[in-house]
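S.K.: Hey, dropping my_file_8.txt in here, compact mmCIF, C-alpha atoms:
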# COMPACT_ATOMS: atom_id res chain seq x y z
CA MET A 1 -11.91 -17.83 -3.37
CA PRO A 2 -9.01 -15.39 -2.92
CA ASP A 3 -9.49 -11.65 -2.45
CA ILE A 4 -7.24 -8.66 -2.94
CA GLN A 5 -7.51 -6.29 0.03
CA HIS A 6 -6.09 -2.85 0.76
CA ALA A 7 -6.77 -0.19 3.38
CA ILE A 8 -5.57 3.39 3.22
CA GLN A 9 -6.14 6.45 5.40
CA ILE A 10 -7.25 9.54 3.52
CA ALA A 11 -7.28 13.07 4.91
CA ALA A 12 -10.57 14.02 3.27
CA PRO A 13 -14.27 13.78 4.12
CA PRO A 14 -16.46 10.99 2.74
CA GLU A 15 -18.10 13.52 0.38
CA ALA A 16 -14.75 13.99 -1.39
CA ILE A 17 -13.98 10.29 -1.65
CA TYR A 18 -17.33 8.70 -2.44
CA PRO A 19 -17.71 10.16 -5.97
CA LEU A 20 -14.23 8.88 -6.83
CA VAL A 21 -15.28 5.25 -6.19
CA SER A 22 -18.92 5.38 -7.29
CA THR A 23 -18.91 7.15 -10.67
CA ALA A 24 -17.31 6.92 -14.08
CA ALA A 25 -16.08 10.51 -13.77
CA GLY A 26 -14.51 9.62 -10.43
CA PHE A 27 -12.69 6.59 -11.85
CA GLY A 28 -11.35 8.85 -14.60
CA GLN A 29 -9.55 11.01 -12.02
CA TRP A 30 -7.30 8.25 -10.66
CA TRP A 31 -7.79 4.91 -12.44
CA ALA A 32 -8.24 5.08 -16.22
CA ALA A 33 -8.59 7.85 -18.80
CA ASP A 34 -10.75 5.71 -21.12
CA VAL A 35 -14.06 5.55 -19.25
CA THR A 36 -17.55 5.26 -20.76
CA GLU A 37 -21.03 4.69 -19.32
CA PRO A 38 -23.10 2.32 -21.46
CA ASP A 39 -26.43 1.04 -20.14
CA GLY A 40 -25.97 2.18 -16.52
CA CYS A 41 -22.59 0.44 -16.28
CA VAL A 42 -19.06 1.78 -16.37
CA GLU A 43 -16.53 0.52 -18.92
CA LEU A 44 -12.82 1.14 -18.45
CA GLY A 45 -10.58 0.65 -21.48
CA PHE A 46 -6.93 -0.27 -21.10
CA PHE A 47 -4.03 -0.45 -23.57
CA ASN A 48 -5.96 1.15 -26.46
CA ARG A 49 -9.05 -0.90 -25.53
CA ILE A 50 -7.29 -4.27 -25.87
CA THR A 51 -8.76 -4.89 -22.42
CA ILE A 52 -12.16 -3.56 -21.33
CA TYR A 53 -13.57 -4.05 -17.85
CA ARG A 54 -17.33 -3.56 -17.60
CA LEU A 55 -18.54 -2.79 -14.09
CA ARG A 56 -22.19 -2.98 -13.03
CA PRO A 57 -23.12 -1.01 -9.89
CA LEU A 58 -24.59 -3.20 -7.15
CA ALA A 59 -24.62 -1.18 -3.94
CA ARG A 60 -24.27 2.53 -3.45
CA GLU A 61 -24.57 4.19 -0.08
CA PRO A 62 -23.33 7.78 -0.38
CA GLY A 63 -20.47 8.43 2.02
CA LYS A 64 -20.31 4.76 3.07
CA GLN A 65 -19.84 2.22 0.31
CA ALA A 66 -19.86 1.42 -3.39
CA GLU A 67 -19.83 -2.08 -4.83
CA TRP A 68 -19.39 -3.14 -8.44
CA LEU A 69 -19.76 -6.48 -10.26
CA CYS A 70 -17.13 -7.11 -12.94
CA GLU A 71 -18.91 -8.41 -16.05
CA THR A 72 -15.93 -8.78 -18.41
CA GLY A 73 -12.26 -9.71 -18.30
CA SER A 74 -10.97 -13.26 -18.44
CA GLU A 75 -10.02 -13.33 -14.75
CA TRP A 76 -12.15 -10.38 -13.56
CA ILE A 77 -15.54 -11.69 -14.71
CA GLY A 78 -17.70 -12.52 -11.70
CA THR A 79 -15.45 -10.68 -9.24
CA TYR A 80 -16.55 -7.73 -7.10
CA LEU A 81 -14.97 -4.36 -6.34
CA ARG A 82 -15.94 -3.13 -2.88
CA PHE A 83 -15.08 0.29 -1.52
CA ARG A 84 -16.01 0.83 2.15
CA LEU A 85 -15.51 4.20 3.83
CA GLU A 86 -15.01 4.38 7.61
CA THR A 87 -14.66 7.65 9.50
CA VAL A 88 -11.64 7.71 11.83
CA LYS A 89 -9.97 10.46 13.89
CA SER A 90 -7.48 11.37 11.17
CA GLY A 91 -10.06 11.51 8.38
CA LEU A 92 -11.25 8.43 6.63
CA LEU A 93 -10.16 4.83 6.22
CA LEU A 94 -10.90 3.37 2.82
CA ARG A 95 -11.16 -0.41 2.79
CA PHE A 96 -10.92 -1.87 -0.68
CA THR A 97 -11.58 -5.47 -1.70
CA HIS A 98 -11.41 -7.05 -5.13
CA ALA A 99 -13.31 -10.19 -4.16
CA ASP A 100 -14.02 -13.70 -5.39
CA TRP A 101 -11.15 -14.41 -7.74
CA LYS A 102 -11.17 -18.01 -8.96
CA SER A 103 -7.50 -18.56 -8.07
CA GLU A 104 -4.22 -16.87 -7.18
CA THR A 105 -2.61 -16.67 -10.60
CA ASP A 106 0.31 -14.51 -11.71
CA TYR A 107 -2.27 -12.03 -13.02
CA PHE A 108 -3.95 -11.94 -9.58
CA THR A 109 -0.57 -11.05 -8.04
CA SER A 110 0.05 -8.37 -10.69
CA CYS A 111 -3.40 -6.88 -10.06
CA ASN A 112 -2.70 -6.80 -6.32
CA THR A 113 0.40 -4.69 -6.97
CA THR A 114 -1.50 -2.41 -9.36
CA TRP A 115 -4.36 -1.94 -6.87
CA GLY A 116 -1.79 -0.86 -4.28
CA GLU A 117 -0.57 1.90 -6.60
CA LEU A 118 -4.15 2.84 -7.46
CA MET A 119 -5.01 3.30 -3.78
CA PHE A 120 -2.30 5.97 -3.50
CA ARG A 121 -3.62 7.71 -6.63
CA LEU A 122 -7.14 7.61 -5.22
CA LYS A 123 -5.87 9.10 -1.95
CA ALA A 124 -4.07 11.89 -3.83
CA ALA A 125 -7.18 12.68 -5.89
CA ALA A 126 -9.37 12.81 -2.75
CA GLU A 127 -6.86 15.09 -1.02
CA GLY A 128 -6.91 17.51 -3.95
CA LYS A 129 -3.55 16.63 -5.49
CA SER A 130 -4.99 15.68 -8.93
CA PRO A 131 -2.59 12.88 -9.96
CA GLY A 132 -4.59 11.99 -13.06
CA PRO A 133 -5.41 8.44 -14.10
CA PHE A 134 -2.80 5.70 -13.72
CA PHE A 135 -3.78 4.24 -17.11
CA ARG A 136 -3.70 6.88 -19.83
CA MET A 137 -5.33 6.75 -23.27
CA ASN A 138 -2.31 5.69 -25.33
CA ASP A 139 -0.64 3.34 -22.88
CA THR A 140 0.49 0.01 -24.29
CA ALA A 141 0.48 -3.33 -22.52
CA TYR A 142 3.58 -4.04 -20.47
Translate the structure of the given file into structure tokens.

M.R.:
Amino acid sequence: MPDIQHAIQIAAPPEAIYPLVSTAAGFGQWWAADVTEPDGCVELGFFNRITIYRLRPLAREPGKQAEWLCETGSEWIGTYLRFRLETVKSGLLLRFTHADWKSETDYFTSCNTTWGELMFRLKAAAEGKSPGPFFRMNDTAY
């Protein structure tokens, strides 16, 4: 099964990055403005809630890793979001994987591009630049 993978160096300590990848409030700072927390999960709404991704937390190790199971989305269902934090000399290396896609479709390729942009927004948020979420409340599908 194909995976999307990205790695990005961030000039911030794990304590600044971990909440951004392990909480609904964190996702709201760089990923999506429409974030809710039903039943211990996180739901992210896109394009006026035409698309909703429900994420169930699987593994959380503060300062080290956060893993989520995608429970909704025609191509996302059954995939995993993995955020691994590794301390390096210049700060921190974030390794991101969106794992276990069924196939490499056009949507998979589009998501790979979007995840690349999201990694830079996550980096900016962790470094105190407050970019805001990539997907805003009133965005429409492109």

S.K.: From the set A:Leu44, A:Asp106, A:Gln9, A:Thr79, which residue has the shortest atom-to-atom contact distance to Gly26 in chain A, counting all atoms listed in the file?

M.R.: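 When distances to Gly26 in chain A are compared using all atoms listed in the file, the smallest one comes from A:Leu44.
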
S.K.: Rounded to one decimal in Å, what is the spacing between CA of Gly91 in chain A and CA of Ser110 in chain A?

M.R.: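 Result for CA of Gly91 in chain A versus CA of Ser110 in chain A: 29.3 Å, one decimal.
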
S.K.: Have a look at A:Ile17, A:Leu94, A:Ile77, A:Val88 and name the one nearest to Gly128 in chain A; count only C-alpha atoms.

M.R.: A:Ile17

S.K.: Give me the residues within 12 Å of Arg60 in chain A as a list of chain:residue names, counting only C-alpha atoms and dropping any in the same chain fewer than 2 places off.

M.R.: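 Using only C-alpha atoms, the neighbours found are A:Tyr18, A:Pro19, A:Val21, A:Ser22, A:Thr23, A:Arg56, A:Pro57, A:Leu58, A:Pro62, A:Gly63, A:Lys64, A:Gln65, A:Ala66, A:Glu67, A:Trp68, A:Leu81, A:Arg82, A:Phe83, A:Arg84, A:Leu85.
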
S.K.: Around the point (-7.9, -6.8, -25.2) in the file's coordinates, collect all residues with an atom within 12 Å, using only C-alpha atoms, and return them as a count of residues only.

M.R.: 15

S.K.: Because some atoms of range 108-123 of chain A are absent here, can you restore N, CA and C atoms and send them as a tab-separated table (two decimals), keeping the file's coordinate frame?

M.R.:
chain	number	residue	atom	x	y	z
A	108	PHE	N	-3.41	-12.34	-10.88
A	108	PHE	CA	-3.95	-11.94	-9.58
A	108	PHE	C	-2.88	-11.16	-8.80
A	109	THR	N	-1.67	-11.70	-8.76
A	109	THR	CA	-0.57	-11.05	-8.04
A	109	THR	C	-0.24	-9.70	-8.67
A	110	SER	N	-0.21	-9.63	-9.99
A	110	SER	CA	0.05	-8.37	-10.69
A	110	SER	C	-1.04	-7.35	-10.38
A	111	CYS	N	-2.29	-7.79	-10.38
A	111	CYS	CA	-3.40	-6.88	-10.06
A	111	CYS	C	-3.31	-6.38	-8.62
A	112	ASN	N	-2.86	-7.23	-7.71
A	112	ASN	CA	-2.70	-6.80	-6.32
A	112	ASN	C	-1.70	-5.63	-6.25
A	113	THR	N	-0.60	-5.76	-6.95
A	113	THR	CA	0.40	-4.69	-6.97
A	113	THR	C	-0.18	-3.42	-7.58
A	114	THR	N	-0.90	-3.56	-8.69
A	114	THR	CA	-1.50	-2.41	-9.36
A	114	THR	C	-2.54	-1.74	-8.47
A	115	TRP	N	-3.37	-2.53	-7.79
A	115	TRP	CA	-4.36	-1.94	-6.87
A	115	TRP	C	-3.67	-1.16	-5.76
A	116	GLY	N	-2.53	-1.61	-5.29
A	116	GLY	CA	-1.79	-0.86	-4.28
A	116	GLY	C	-1.41	0.52	-4.78
A	117	GLU	N	-0.90	0.61	-6.00
A	117	GLU	CA	-0.57	1.90	-6.60
A	117	GLU	C	-1.83	2.74	-6.79
A	118	LEU	N	-2.90	2.10	-7.24
A	118	LEU	CA	-4.15	2.84	-7.46
A	118	LEU	C	-4.71	3.43	-6.17
A	119	MET	N	-4.52	2.75	-5.06
A	119	MET	CA	-5.01	3.30	-3.78
A	119	MET	C	-4.31	4.63	-3.45
A	120	PHE	N	-3.02	4.72	-3.74
A	120	PHE	CA	-2.30	5.97	-3.50
A	120	PHE	C	-2.75	7.07	-4.46
A	121	ARG	N	-3.10	6.72	-5.69
A	121	ARG	CA	-3.62	7.71	-6.63
A	121	ARG	C	-5.01	8.18	-6.20
A	122	LEU	N	-5.81	7.26	-5.72
A	122	LEU	CA	-7.14	7.61	-5.22
A	122	LEU	C	-7.02	8.56	-4.02
A	123	LYS	N	-6.12	8.24	-3.12
A	123	LYS	CA	-5.87	9.10	-1.95
A	123	LYS	C	-5.46	10.50	-2.40
